[in-house]
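This is model.cif. It holds mmCIF, C-alpha atoms and all ligand atoms.
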```cif
data_entry
loop_
_atom_site.label_atom_id
_atom_site.label_comp_id
_atom_site.auth_asym_id
_atom_site.auth_seq_id
_atom_site.Cartn_x
_atom_site.Cartn_y
_atom_site.Cartn_z
CA MET A 1 -71.34 13.87 -47.15
CA LYS A 2 -68.43 15.06 -45.11
CA GLN A 3 -65.70 12.66 -44.07
CA LYS A 4 -66.02 10.65 -40.90
CA LEU A 5 -63.81 11.42 -37.91
CA ASN A 6 -63.81 7.83 -36.68
CA TYR A 7 -63.19 8.60 -33.05
CA LEU A 8 -64.53 6.02 -30.64
CA LYS A 9 -66.89 6.98 -27.85
CA GLU A 10 -65.84 6.48 -24.27
CA THR A 11 -67.51 3.49 -22.61
CA PRO A 12 -70.35 4.96 -20.54
CA SER A 13 -70.08 4.74 -16.78
CA GLN A 14 -72.38 2.71 -14.56
CA THR A 15 -72.67 2.80 -10.80
CA ALA A 16 -70.22 0.68 -8.82
CA GLY A 17 -73.23 -0.64 -6.90
CA PRO A 18 -73.32 -1.78 -3.28
CA PHE A 19 -70.91 -4.69 -3.71
CA VAL A 20 -67.89 -2.86 -5.06
CA HIS A 21 -65.87 -4.47 -2.25
CA ILE A 22 -66.08 -7.93 -3.82
CA GLY A 23 -63.97 -6.79 -6.72
CA LEU A 24 -61.82 -4.08 -5.24
CA ALA A 25 -61.57 -4.93 -1.53
CA PRO A 26 -62.73 -8.55 -1.13
CA GLY A 27 -61.50 -8.72 2.47
CA ALA A 28 -64.15 -6.19 3.42
CA ALA A 29 -66.79 -8.18 1.56
CA GLY A 30 -65.93 -11.03 3.90
CA PHE A 31 -63.59 -13.33 2.01
CA ASP A 32 -59.97 -13.89 1.29
CA ILE A 33 -59.03 -14.57 -2.31
CA TYR A 34 -56.01 -12.56 -3.47
CA ASN A 35 -52.42 -12.73 -2.28
CA GLN A 36 -52.58 -9.00 -1.81
CA GLU A 37 -55.27 -6.39 -2.14
CA LEU A 38 -54.26 -3.32 -4.06
CA GLY A 39 -54.13 0.22 -2.74
CA THR A 40 -53.74 -0.52 0.96
CA ASP A 41 -50.40 1.33 1.21
CA ILE A 42 -50.21 4.71 -0.51
CA SER A 43 -46.78 5.98 0.39
CA GLY A 44 -44.72 2.90 1.27
CA PRO A 45 -42.13 2.74 4.05
CA ASN A 46 -39.41 4.88 2.44
CA ALA A 47 -41.29 8.04 1.57
CA SER A 48 -39.96 11.21 3.11
CA GLY A 49 -42.31 13.90 4.34
CA GLU A 50 -44.76 14.27 7.15
CA ARG A 51 -46.72 11.13 8.05
CA ILE A 52 -50.41 12.00 8.20
CA ARG A 53 -53.77 10.37 8.49
CA VAL A 54 -56.80 11.52 6.52
CA GLU A 55 -60.30 10.74 7.79
CA GLY A 56 -63.84 11.64 6.99
CA LEU A 57 -67.38 10.76 6.09
CA VAL A 58 -69.25 10.93 2.85
CA ILE A 59 -72.63 12.48 3.64
CA ASP A 60 -75.73 12.28 1.45
CA GLY A 61 -78.45 14.86 0.87
CA ILE A 62 -80.41 13.66 3.90
CA GLY A 63 -77.38 14.24 6.13
CA SER A 64 -76.68 10.53 6.59
CA PRO A 65 -73.26 8.99 6.19
CA VAL A 66 -72.93 6.89 3.05
CA LYS A 67 -71.75 3.48 4.18
CA ASP A 68 -70.97 1.73 0.93
CA VAL A 69 -68.52 4.17 -0.62
CA MET A 70 -65.15 3.41 -2.11
CA LEU A 71 -62.65 6.24 -2.43
CA GLU A 72 -59.41 6.28 -4.34
CA ALA A 73 -56.62 8.71 -3.60
CA TRP A 74 -53.95 9.86 -6.04
CA GLN A 75 -51.17 12.09 -4.83
CA ALA A 76 -47.62 13.31 -5.37
CA ASN A 77 -44.82 12.64 -2.92
CA ALA A 78 -43.41 15.29 -0.57
CA ALA A 79 -41.25 16.67 -3.37
CA GLY A 80 -44.27 17.14 -5.62
CA SER A 81 -43.60 14.23 -7.97
CA TYR A 82 -46.16 11.71 -9.12
CA ALA A 83 -45.13 8.07 -9.48
CA HIS A 84 -45.74 8.16 -13.22
CA PRO A 85 -43.32 8.01 -16.16
CA GLU A 86 -44.57 11.26 -17.63
CA HIS A 87 -44.02 13.32 -14.52
CA PRO A 88 -40.59 14.79 -13.77
CA GLY A 89 -38.72 13.77 -10.66
CA ASP A 90 -38.25 10.45 -8.93
CA VAL A 91 -40.26 8.99 -6.11
CA GLU A 92 -39.05 6.87 -3.23
CA ASP A 93 -38.88 3.12 -3.64
CA GLY A 94 -42.32 1.75 -2.79
CA PHE A 95 -44.12 5.05 -3.20
CA ARG A 96 -47.09 4.56 -5.51
CA GLY A 97 -49.15 7.57 -4.48
CA TRP A 98 -52.36 5.68 -5.03
CA GLY A 99 -54.67 4.11 -2.54
CA ARG A 100 -58.11 2.75 -2.12
CA VAL A 101 -60.24 2.95 1.00
CA ILE A 102 -63.74 1.87 1.90
CA THR A 103 -66.02 3.10 4.61
CA ASN A 104 -66.84 1.27 7.79
CA PHE A 105 -70.16 -0.49 7.11
CA GLU A 106 -71.62 0.60 10.47
CA THR A 107 -70.42 4.18 10.81
CA GLY A 108 -69.49 5.33 7.31
CA GLU A 109 -66.09 6.52 8.57
CA TRP A 110 -63.16 6.13 6.21
CA GLY A 111 -59.49 6.92 6.67
CA PHE A 112 -56.05 6.30 5.25
CA ASP A 113 -52.44 6.83 6.25
CA THR A 114 -50.04 8.53 3.89
CA ILE A 115 -47.50 11.31 3.69
CA LYS A 116 -48.39 14.93 3.06
CA PRO A 117 -47.76 15.70 -0.61
CA GLY A 118 -45.72 18.66 -1.76
CA PRO A 119 -46.82 21.41 -4.15
CA VAL A 120 -47.09 20.32 -7.80
CA MET A 121 -46.45 22.46 -10.86
CA GLY A 122 -49.73 23.24 -12.59
CA ARG A 123 -50.57 24.74 -15.94
CA ASN A 124 -48.83 27.84 -17.25
CA GLY A 125 -46.13 27.67 -14.63
CA GLN A 126 -48.53 28.21 -11.75
CA MET A 127 -47.77 26.16 -8.68
CA MET A 128 -50.62 24.14 -7.20
CA ALA A 129 -50.90 23.89 -3.42
CA PRO A 130 -50.36 20.43 -1.89
CA HIS A 131 -53.43 18.31 -2.56
CA ILE A 132 -54.71 14.75 -2.79
CA ASN A 133 -56.96 13.87 -5.72
CA LEU A 134 -59.98 11.82 -4.72
CA TRP A 135 -62.35 9.70 -6.75
CA ILE A 136 -65.58 8.56 -5.13
CA VAL A 137 -67.85 5.74 -6.25
CA ALA A 138 -70.86 4.11 -4.60
CA ARG A 139 -74.31 2.77 -5.20
CA GLY A 140 -76.37 5.71 -6.45
CA ILE A 141 -73.36 7.50 -7.95
CA ASN A 142 -73.65 7.05 -11.70
CA VAL A 143 -70.29 8.52 -12.68
CA GLY A 144 -67.40 8.55 -10.20
CA LEU A 145 -66.98 11.94 -8.53
CA ASN A 146 -63.64 13.77 -8.64
CA THR A 147 -62.60 16.21 -5.98
CA ARG A 148 -59.41 17.49 -4.37
CA LEU A 149 -58.38 17.58 -0.75
CA TYR A 150 -56.25 20.59 0.28
CA PHE A 151 -54.69 21.19 3.70
CA SER A 152 -55.80 23.77 6.28
CA ASP A 153 -52.21 24.58 7.33
CA GLU A 154 -51.30 25.64 3.76
CA GLU A 155 -53.23 28.89 3.77
CA GLU A 156 -50.76 30.83 1.70
CA ALA A 157 -50.37 28.16 -0.96
CA ASN A 158 -54.11 27.53 -1.02
CA SER A 159 -54.88 31.19 -1.61
CA ALA A 160 -52.61 31.14 -4.67
CA ASP A 161 -53.82 27.77 -5.97
CA PRO A 162 -55.07 28.10 -9.57
CA VAL A 163 -57.67 25.36 -9.16
CA ILE A 164 -59.17 26.68 -5.92
CA ASN A 165 -59.27 30.13 -7.48
CA LEU A 166 -61.20 28.77 -10.43
CA ILE A 167 -64.17 28.25 -8.13
CA GLU A 168 -66.24 31.34 -8.61
CA TRP A 169 -68.30 30.88 -5.45
CA GLU A 170 -65.75 31.75 -2.80
CA ARG A 171 -67.74 30.25 0.03
CA ARG A 172 -67.64 26.85 -1.65
CA ARG A 173 -63.82 26.80 -1.69
CA LYS A 174 -63.66 25.79 1.95
CA THR A 175 -65.31 22.47 1.12
CA LEU A 176 -61.94 21.39 -0.30
CA ILE A 177 -59.90 22.17 2.81
CA ALA A 178 -59.18 19.32 5.20
CA GLN A 179 -58.87 20.49 8.83
CA ARG A 180 -55.67 19.63 10.65
CA VAL A 181 -55.86 18.31 14.20
CA GLU A 182 -53.27 16.68 16.44
CA ARG A 183 -54.39 13.44 18.05
CA ASP A 184 -52.17 11.39 20.36
CA GLY A 185 -49.12 12.92 18.76
CA ALA A 186 -50.30 12.11 15.23
CA THR A 187 -51.40 14.52 12.54
CA VAL A 188 -54.93 13.90 11.36
CA TYR A 189 -56.77 15.78 8.65
CA ARG A 190 -60.55 15.70 8.74
CA PHE A 191 -62.27 15.81 5.38
CA ASP A 192 -66.03 15.29 5.22
CA ILE A 193 -67.48 15.11 1.74
CA CYS A 194 -71.04 16.33 1.25
CA LEU A 195 -72.80 15.06 -1.84
CA GLN A 196 -75.57 17.66 -1.53
CA GLY A 197 -76.79 20.51 0.62
CA ASP A 198 -75.48 23.90 1.74
CA ASN A 199 -71.98 22.52 2.13
CA GLU A 200 -71.96 20.43 -1.02
CA THR A 201 -68.34 19.60 -1.78
CA VAL A 202 -66.94 21.02 -4.99
CA PHE A 203 -66.66 18.23 -7.56
CA PHE A 204 -64.68 18.63 -10.73
CA ASP A 205 -65.23 17.59 -14.30
CA ILE A 206 -61.65 16.74 -15.05
CA MET B 1 -39.86 12.60 -21.39
CA LYS B 2 -42.91 12.61 -23.62
CA LYS B 3 -44.83 15.81 -24.05
CA PRO B 4 -47.90 15.44 -21.85
CA ALA B 5 -51.23 16.26 -23.41
CA GLU B 6 -54.73 16.67 -22.07
CA PHE B 7 -57.47 14.12 -22.36
CA TYR B 8 -60.45 14.93 -24.53
CA GLN B 9 -63.26 16.30 -22.46
CA ARG B 10 -65.71 13.74 -21.17
CA ASP B 11 -68.99 13.73 -23.12
CA ARG B 12 -71.34 14.17 -20.20
CA GLU B 13 -74.37 13.56 -22.43
CA TRP B 14 -73.06 10.10 -23.25
CA HIS B 15 -72.65 9.18 -19.59
CA PRO B 16 -75.61 8.96 -17.21
CA PRO B 17 -76.51 12.15 -15.38
CA ALA B 18 -75.84 12.19 -11.63
CA LEU B 19 -79.57 12.38 -10.87
CA ASP B 20 -82.13 9.98 -12.27
CA ARG B 21 -85.30 9.73 -10.21
CA ASN B 22 -86.06 6.25 -11.50
CA TYR B 23 -82.81 5.09 -9.90
CA LYS B 24 -83.89 6.11 -6.44
CA THR B 25 -80.56 5.86 -4.65
CA SER B 26 -79.19 8.55 -6.95
CA VAL B 27 -81.66 11.12 -5.62
CA ALA B 28 -79.85 11.85 -2.34
CA ARG B 29 -76.40 10.99 -3.67
CA SER B 30 -76.22 13.24 -6.73
CA PRO B 31 -74.46 16.60 -6.48
CA GLN B 32 -76.85 19.47 -7.20
CA TYR B 33 -74.35 22.09 -8.26
CA PRO B 34 -72.67 21.84 -11.64
CA LEU B 35 -69.28 20.19 -11.73
CA ILE B 36 -66.42 22.69 -11.98
CA SER B 37 -64.68 22.05 -15.30
CA LEU B 38 -60.97 21.71 -14.85
CA GLU B 39 -58.40 21.77 -17.62
CA ASN B 40 -56.06 18.85 -17.04
CA THR B 41 -52.96 19.36 -14.94
CA ALA B 42 -50.31 16.82 -13.98
CA SER B 43 -52.70 15.62 -11.26
CA GLU B 44 -55.22 14.40 -13.83
CA ILE B 45 -52.87 13.27 -16.60
CA THR B 46 -50.86 10.98 -14.38
CA GLY B 47 -52.27 7.95 -12.63
CA PRO B 48 -51.16 4.80 -10.84
CA VAL B 49 -48.94 2.32 -12.62
CA PHE B 50 -49.35 -1.41 -11.96
CA GLY B 51 -47.11 -4.33 -12.72
CA HIS B 52 -47.21 -8.08 -12.82
CA ASN B 53 -46.04 -8.20 -9.19
CA ASP B 54 -49.35 -6.71 -8.12
CA PHE B 55 -51.41 -9.80 -8.80
CA ALA B 56 -51.16 -13.49 -9.60
CA PRO B 57 -51.39 -14.70 -13.20
CA THR B 58 -54.36 -16.88 -12.18
CA ASP B 59 -56.36 -13.96 -10.80
CA ASN B 60 -58.22 -13.69 -14.12
CA ASP B 61 -59.67 -17.20 -13.89
CA LEU B 62 -62.85 -17.08 -11.82
CA LEU B 63 -63.50 -20.74 -12.62
CA THR B 64 -60.53 -21.71 -10.47
CA ASN B 65 -59.49 -18.77 -8.31
CA TYR B 66 -61.85 -19.68 -5.48
CA ALA B 67 -62.79 -23.27 -6.31
CA GLN B 68 -61.78 -26.25 -4.19
CA PRO B 69 -59.16 -28.37 -5.94
CA GLY B 70 -60.86 -30.52 -8.54
CA GLN B 71 -64.17 -28.67 -8.28
CA ALA B 72 -65.72 -25.91 -10.35
CA PRO B 73 -68.42 -23.29 -9.89
CA VAL B 74 -71.95 -23.98 -11.11
CA GLY B 75 -73.08 -22.13 -14.21
CA GLU B 76 -72.49 -21.48 -17.87
CA ARG B 77 -68.74 -21.38 -18.47
CA ILE B 78 -67.75 -18.28 -20.40
CA ILE B 79 -64.74 -16.33 -21.58
CA VAL B 80 -65.01 -12.55 -21.47
CA HIS B 81 -62.41 -10.96 -23.66
CA GLY B 82 -61.67 -7.82 -25.60
CA ARG B 83 -59.41 -4.83 -25.82
CA VAL B 84 -59.03 -1.64 -23.88
CA LEU B 85 -58.76 1.18 -26.40
CA ASP B 86 -58.82 4.95 -26.21
CA GLU B 87 -61.06 7.27 -28.19
CA ASN B 88 -58.35 7.49 -30.85
CA ALA B 89 -58.79 3.70 -31.27
CA ARG B 90 -55.29 3.10 -29.93
CA PRO B 91 -54.79 0.16 -27.56
CA VAL B 92 -54.17 0.89 -23.88
CA PRO B 93 -51.47 -1.62 -22.87
CA ASN B 94 -50.51 -2.74 -19.35
CA THR B 95 -53.55 -1.32 -17.67
CA LEU B 96 -55.33 -2.96 -14.77
CA VAL B 97 -58.80 -4.42 -15.37
CA GLU B 98 -60.75 -5.69 -12.36
CA ILE B 99 -64.16 -7.38 -12.38
CA TRP B 100 -66.73 -8.56 -9.88
CA GLN B 101 -70.04 -10.31 -10.31
CA ALA B 102 -72.77 -12.46 -8.79
CA ASN B 103 -72.66 -16.23 -9.17
CA ALA B 104 -74.91 -18.19 -11.53
CA SER B 105 -77.86 -17.87 -9.16
CA GLY B 106 -77.54 -14.10 -8.86
CA LYS B 107 -75.98 -14.19 -5.40
CA TYR B 108 -72.94 -12.14 -4.42
CA ARG B 109 -70.27 -13.34 -2.04
CA HIS B 110 -70.77 -10.32 0.21
CA LYS B 111 -71.87 -10.11 3.80
CA LYS B 112 -74.40 -7.45 2.87
CA ASP B 113 -76.11 -9.47 0.12
CA ALA B 114 -79.39 -10.80 1.54
CA TYR B 115 -80.79 -12.33 -1.66
CA LEU B 116 -82.09 -15.89 -1.24
CA GLY B 117 -80.13 -17.21 -4.23
CA SER B 118 -77.67 -19.90 -3.23
CA MET B 119 -74.04 -19.31 -2.43
CA ASP B 120 -71.61 -21.31 -4.55
CA PRO B 121 -68.72 -22.62 -2.43
CA ASN B 122 -66.52 -22.75 -5.53
CA PHE B 123 -67.09 -19.21 -6.74
CA GLY B 124 -65.58 -16.05 -5.29
CA GLY B 125 -66.81 -13.63 -7.93
CA CYS B 126 -63.85 -11.37 -8.56
CA GLY B 127 -60.90 -11.29 -10.90
CA ARG B 128 -58.21 -8.97 -12.18
CA THR B 129 -55.69 -8.85 -14.96
CA MET B 130 -53.55 -6.46 -16.96
CA THR B 131 -53.96 -5.76 -20.67
CA ASP B 132 -51.10 -7.00 -22.84
CA SER B 133 -49.08 -4.83 -25.22
CA ASP B 134 -52.04 -4.79 -27.67
CA GLY B 135 -54.49 -3.73 -24.99
CA TYR B 136 -56.00 -7.22 -24.94
CA TYR B 137 -57.46 -8.82 -21.81
CA TYR B 138 -59.48 -11.92 -20.96
CA PHE B 139 -61.22 -13.58 -18.05
CA ARG B 140 -62.76 -16.99 -17.57
CA THR B 141 -65.87 -17.12 -15.41
CA VAL B 142 -69.48 -18.25 -15.25
CA LYS B 143 -72.34 -16.22 -16.60
CA PRO B 144 -73.86 -14.39 -13.64
CA GLY B 145 -77.54 -14.75 -12.81
CA ALA B 146 -80.10 -11.95 -12.75
CA TYR B 147 -81.09 -10.74 -9.30
CA PRO B 148 -83.80 -8.56 -7.77
CA TRP B 149 -83.05 -5.27 -6.07
CA ARG B 150 -85.02 -2.76 -4.09
CA ASN B 151 -85.97 0.17 -6.26
CA TRP B 152 -89.46 -0.26 -7.57
CA VAL B 153 -91.16 -3.28 -6.03
CA ASN B 154 -90.16 -5.66 -8.80
CA ASN B 155 -86.89 -4.53 -10.39
CA TRP B 156 -84.37 -7.11 -11.56
CA ARG B 157 -80.83 -6.46 -12.68
CA PRO B 158 -79.97 -8.04 -16.01
CA ALA B 159 -77.02 -10.44 -15.83
CA HIS B 160 -73.98 -8.20 -15.56
CA ILE B 161 -70.31 -8.03 -14.67
CA HIS B 162 -68.92 -4.94 -12.95
CA ILE B 163 -65.70 -3.70 -14.54
CA SER B 164 -63.11 -1.26 -13.23
CA VAL B 165 -60.41 0.14 -15.54
CA PHE B 166 -57.56 2.58 -14.96
CA GLY B 167 -55.87 3.73 -18.18
CA THR B 168 -52.74 5.83 -17.84
CA GLY B 169 -54.19 8.94 -16.19
CA PHE B 170 -56.47 9.44 -13.21
CA ALA B 171 -58.85 11.29 -15.56
CA GLN B 172 -59.49 8.01 -17.40
CA ARG B 173 -60.62 6.14 -14.30
CA LEU B 174 -63.81 4.28 -15.07
CA ILE B 175 -66.22 1.80 -13.53
CA THR B 176 -68.94 0.33 -15.69
CA GLN B 177 -71.02 -2.80 -16.19
CA LEU B 178 -71.05 -5.40 -18.93
CA TYR B 179 -74.38 -6.82 -20.08
CA PHE B 180 -75.03 -9.83 -22.27
CA GLU B 181 -76.46 -9.90 -25.78
CA GLY B 182 -80.10 -10.93 -25.92
CA ASP B 183 -80.99 -10.35 -22.26
CA PRO B 184 -84.60 -9.06 -22.12
CA LEU B 185 -83.97 -7.47 -18.70
CA ILE B 186 -81.56 -4.91 -20.14
CA ASP B 187 -84.35 -2.72 -21.54
CA GLN B 188 -86.23 -2.77 -18.23
CA CYS B 189 -83.42 -1.91 -15.86
CA PRO B 190 -83.52 1.55 -14.24
CA ILE B 191 -79.73 1.49 -13.81
CA VAL B 192 -79.16 0.76 -17.50
CA LYS B 193 -81.72 3.45 -18.30
CA THR B 194 -79.76 6.11 -16.43
CA ILE B 195 -77.82 6.23 -19.72
CA PRO B 196 -79.81 8.57 -21.92
CA ASP B 197 -78.49 7.58 -25.35
CA PRO B 198 -79.57 4.14 -26.63
CA ASP B 199 -76.37 3.91 -28.67
CA ALA B 200 -74.38 4.32 -25.48
CA VAL B 201 -76.30 1.42 -23.92
CA GLN B 202 -75.37 -0.75 -26.90
CA GLN B 203 -71.74 -0.10 -26.06
CA LEU B 204 -72.24 -1.96 -22.76
CA ILE B 205 -73.68 -5.13 -24.33
CA ALA B 206 -71.10 -7.85 -24.89
CA ALA B 207 -71.54 -9.83 -28.09
CA LEU B 208 -71.64 -13.62 -28.17
CA ASP B 209 -68.39 -14.50 -29.92
CA MET B 210 -68.54 -18.04 -31.26
CA ASN B 211 -65.11 -17.72 -32.87
CA ALA B 212 -63.51 -17.18 -29.47
CA SER B 213 -65.44 -19.94 -27.76
CA ILE B 214 -63.89 -23.31 -27.07
CA PRO B 215 -65.91 -26.20 -28.56
CA LEU B 216 -67.39 -28.57 -25.97
CA ASP B 217 -65.99 -26.38 -23.20
CA THR B 218 -66.66 -22.63 -22.91
CA LEU B 219 -68.71 -19.94 -24.66
CA ALA B 220 -67.21 -16.50 -25.25
CA TYR B 221 -68.39 -12.91 -25.16
CA LYS B 222 -66.45 -10.00 -26.60
CA PHE B 223 -66.35 -6.69 -24.77
CA ASP B 224 -64.13 -3.82 -25.83
CA ILE B 225 -63.67 -0.95 -23.39
CA VAL B 226 -62.97 2.59 -24.55
CA LEU B 227 -61.21 5.10 -22.31
CA ARG B 228 -60.78 8.80 -22.94
CA GLY B 229 -58.35 9.70 -25.68
CA ARG B 230 -55.54 12.23 -25.48
CA ARG B 231 -54.99 15.28 -27.56
CA SER B 232 -51.94 15.05 -29.77
CA THR B 233 -49.49 17.88 -29.51
CA LEU B 234 -49.62 19.25 -33.05
CA PHE B 235 -49.17 22.67 -31.58
CA GLU B 236 -47.37 23.67 -28.45
CA ASN B 237 -49.73 23.46 -25.50
CA ARG B 238 -49.18 25.33 -22.28
CA LEU B 239 -49.58 22.51 -19.85
CA GLU B 240 -46.08 22.38 -18.43
CA GLY B 241 -44.13 25.50 -17.62
CA ASN B 242 -44.72 28.14 -20.26
FE FE A 301 -74.28 -5.96 -9.52
#
```
Kindly return the structure encoded in the file as structure tokens.
Ligand SMILES: [Fe+2]
Amino acid sequence: MKQKLNYLKETPSQTAGPFVHIGLAPGAAGFDIYNQELGTDISGPNASGERIRVEGLVIDGIGSPVKDVMLEAWQANAAGSYAHPEHPGDVEDGFRGWGRVITNFETGEWGFDTIKPGPVMGRNGQMMAPHINLWIVARGINVGLNTRLYFSDEEEANSADPVINLIEWERRRKTLIAQRVERDGATVYRFDICLQGDNETVFFDI
Amino acid sequence: MKKPAEFYQRDREWHPPALDRNYKTSVARSPQYPLISLENTASEITGPVFGHNDFAPTDNDLLTNYAQPGQAPVGERIIVHGRVLDENARPVPNTLVEIWQANASGKYRHKKDAYLGSMDPNFGGCGRTMTDSDGYYYFRTVKPGAYPWRNWVNNWRPAHIHISVFGTGFAQRLITQLYFEGDPLIDQCPIVKTIPDPDAVQQLIAALDMNASIPLDTLAYKFDIVLRGRRSTLFENRLEGN
């Protein structure tokens, strides 16, 4: 008999179910219990960089908006630093870079306000284009889905991005690009996520 | 600054597949194309950091965090406790653990829950805490009731608590469910059965822990949570710079 390695196995995932809001956004479930809900402010008041809004739908294989999704965003600040002790660079006071958003129960629309992140150093000295990491859970999603949101006005950086370029099917790369629009003087990026179909969003096994 | 290292790859055969036809909602919500495998970068290795300012110390006590003064929720009083570890069996300290659950009659405090089970005015159904320096966490709550759900005509969820855990990197982010030892509904549940490996299912079943119970007061269940482990940097990796 060979020796045992004695690694533990990761706890298997289970769906977040339809009532994820009770635990992670109780206000949306219809009650008030915590002093503060977490993840409602991604960038804080002091972050430098362009103030933006990100909006979208999560769309299922039928073409219907998914109305019980929770998304989490994880992003660097405008200088490309993550609010994490292992990442170089400082972030502004109050910048956490993490947020949590749920969809409107009637329309399926979700959206959050933040600042546009800067480019982040990737592997092997290759710079990654500005992006927001997204994690999507819902009823019917057995393991949370990871994707990245890139920005339509960063064409040059996107075309050199080592992660986008990893996607062999070039026509799928556009599913990761949020479209910039100006609305009432504000910058809004539209990012619809398709779980299935011709425009299925690229999801990553990170 | 510590040398960052990648997480071990996720064992996708241990987790449920995206599509399981017996869990009907997964059919239209499961990506059809393969996931694109991504070697970890700073974006995956880092993740949000939480502190004691983010929540109240009483947020982990579901017996009191929504109850009227002097009252208590109906149901079997239990402690749920355990450690958050990584695959290297090392504790994960100071990480946020959040839970949510139905009350003792299987009813959720949620405007979209239409089940006829009764609402408990003294039970909210959510809690949160941070692991201590040994990765240890605990909650006090009531044992949730089973409830029916629309899948096949007569499917019932076993008693369960939903659990969300962070770890130190976004790649460790995990939501799962805790089940209770001895529940005959576990083996019948299409959501449990999305997990293909019976040993993996066992990992989601909390054990009755008489040693941690409080005589004449509260029963206890032990539930350890394992997050992805990190590669150690025996040899230079090429994650940062060159
Ligand atoms: Fe549930």
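One distance worth recording is that between CA of Leu38 in chain A and CA of Gly111 in chain A, which is 15.7 Å.
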What lies within 8 Å of Ala178 in chain A using only C-alpha atoms, ignoring chain neighbours under 4 positions off, as a PyMOL selection string?
chain A and resi 149-152+189-192
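Residues in contact with ligand FE 301 (chain A) comprise Gly17 and Phe19 of chain A; Gln101, Ala102, His160, Ile161 and His162 of chain B, where contact means an atom-to-atom distance of at most 7 Å counting only C-alpha atoms and all ligand atoms.
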Residues of range 15-85 of chain B that approach range 53-71 of chain A to 10 Å or less, counting all atoms listed in the file: could you list each one with the shortest pair of atoms and its distance in Å to one decimal, rows by chain and increasing residue number, as a tab-separated table?
```
residue	atom	partner	partner_atom	distance
B:Ser26	CA	A:Asp60	CA	9.8
B:Val27	CA	A:Gly61	CA	8.1
B:Ala28	CA	A:Gly61	CA	4.6
B:Arg29	CA	A:Asp60	CA	5.3
B:Ser30	CA	A:Gly61	CA	8.1
B:Pro31	CA	A:Gly61	CA	8.5
B:Gln32	CA	A:Gly61	CA	9.4
```
Selection near range 149-153 of chain B, 9 Å with all atoms listed in the file, sequence-local residues under 6 positions removed, as a list in words
Asn22, Tyr23, Lys24, Thr25, Tyr115 and Pro190 of chain B
When you get a sec, could you note down which chain B residues fall within 7 Å of chain A, using only C-alpha atoms, as number ranges by chain?
B: 1-2, 4, 14-18, 25-26, 28-32, 35-42, 44, 46-49, 66, 87-89, 98-100, 110-111, 126-127, 171, 174-177, 200, 203, 225-228, 238-242
Could you save those same residues with C-alpha atoms as a CSV table (one decimal), in the frame of the given file?
```csv
chain,number,residue,atom,x,y,z
B,1,MET,CA,-39.9,12.6,-21.4
B,2,LYS,CA,-42.9,12.6,-23.6
B,4,PRO,CA,-47.9,15.4,-21.8
B,14,TRP,CA,-73.1,10.1,-23.2
B,15,HIS,CA,-72.6,9.2,-19.6
B,16,PRO,CA,-75.6,9.0,-17.2
B,17,PRO,CA,-76.5,12.2,-15.4
B,18,ALA,CA,-75.8,12.2,-11.6
B,25,THR,CA,-80.6,5.9,-4.6
B,26,SER,CA,-79.2,8.6,-7.0
B,28,ALA,CA,-79.8,11.8,-2.3
B,29,ARG,CA,-76.4,11.0,-3.7
B,30,SER,CA,-76.2,13.2,-6.7
B,31,PRO,CA,-74.5,16.6,-6.5
B,32,GLN,CA,-76.8,19.5,-7.2
B,35,LEU,CA,-69.3,20.2,-11.7
B,36,ILE,CA,-66.4,22.7,-12.0
B,37,SER,CA,-64.7,22.0,-15.3
B,38,LEU,CA,-61.0,21.7,-14.8
B,39,GLU,CA,-58.4,21.8,-17.6
B,40,ASN,CA,-56.1,18.8,-17.0
B,41,THR,CA,-53.0,19.4,-14.9
B,42,ALA,CA,-50.3,16.8,-14.0
B,44,GLU,CA,-55.2,14.4,-13.8
B,46,THR,CA,-50.9,11.0,-14.4
B,47,GLY,CA,-52.3,8.0,-12.6
B,48,PRO,CA,-51.2,4.8,-10.8
B,49,VAL,CA,-48.9,2.3,-12.6
B,66,TYR,CA,-61.8,-19.7,-5.5
B,87,GLU,CA,-61.1,7.3,-28.2
B,88,ASN,CA,-58.4,7.5,-30.8
B,89,ALA,CA,-58.8,3.7,-31.3
B,98,GLU,CA,-60.8,-5.7,-12.4
B,99,ILE,CA,-64.2,-7.4,-12.4
B,100,TRP,CA,-66.7,-8.6,-9.9
B,110,HIS,CA,-70.8,-10.3,0.2
B,111,LYS,CA,-71.9,-10.1,3.8
B,126,CYS,CA,-63.8,-11.4,-8.6
B,127,GLY,CA,-60.9,-11.3,-10.9
B,171,ALA,CA,-58.8,11.3,-15.6
B,174,LEU,CA,-63.8,4.3,-15.1
B,175,ILE,CA,-66.2,1.8,-13.5
B,176,THR,CA,-68.9,0.3,-15.7
B,177,GLN,CA,-71.0,-2.8,-16.2
B,200,ALA,CA,-74.4,4.3,-25.5
B,203,GLN,CA,-71.7,-0.1,-26.1
B,225,ILE,CA,-63.7,-1.0,-23.4
B,226,VAL,CA,-63.0,2.6,-24.6
B,227,LEU,CA,-61.2,5.1,-22.3
B,228,ARG,CA,-60.8,8.8,-22.9
B,238,ARG,CA,-49.2,25.3,-22.3
B,239,LEU,CA,-49.6,22.5,-19.8
B,240,GLU,CA,-46.1,22.4,-18.4
B,241,GLY,CA,-44.1,25.5,-17.6
B,242,ASN,CA,-44.7,28.1,-20.3
```
Between CA of Pro57 in chain B and CA of Val165 in chain B, what is the spacing in Å?
17.5 Å
Using all atoms listed in the file, which residues sit within 12 Å of Glu170 in chain A once same-chain residues fewer than 5 positions away are excluded, as an MDAnalysis selection string?
chainID A and resid 159 164:165 175:176 202
Subset file as a short mmCIF file (atom, residue, chain, number, x, y, z; two decimals), in the first residue's frame: range 120-124 of chain A, C-alpha atoms:
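Dumped everything to decode29.cif:
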```
data_model
loop_
_atom_site.label_atom_id
_atom_site.label_comp_id
_atom_site.auth_asym_id
_atom_site.auth_seq_id
_atom_site.Cartn_x
_atom_site.Cartn_y
_atom_site.Cartn_z
CA VAL A 120 -4.15 44.60 -13.13
CA MET A 121 -0.88 42.73 -13.56
CA GLY A 122 -1.58 39.16 -14.62
CA ARG A 123 0.59 36.09 -14.88
CA ASN A 124 4.03 36.18 -16.46
#
```
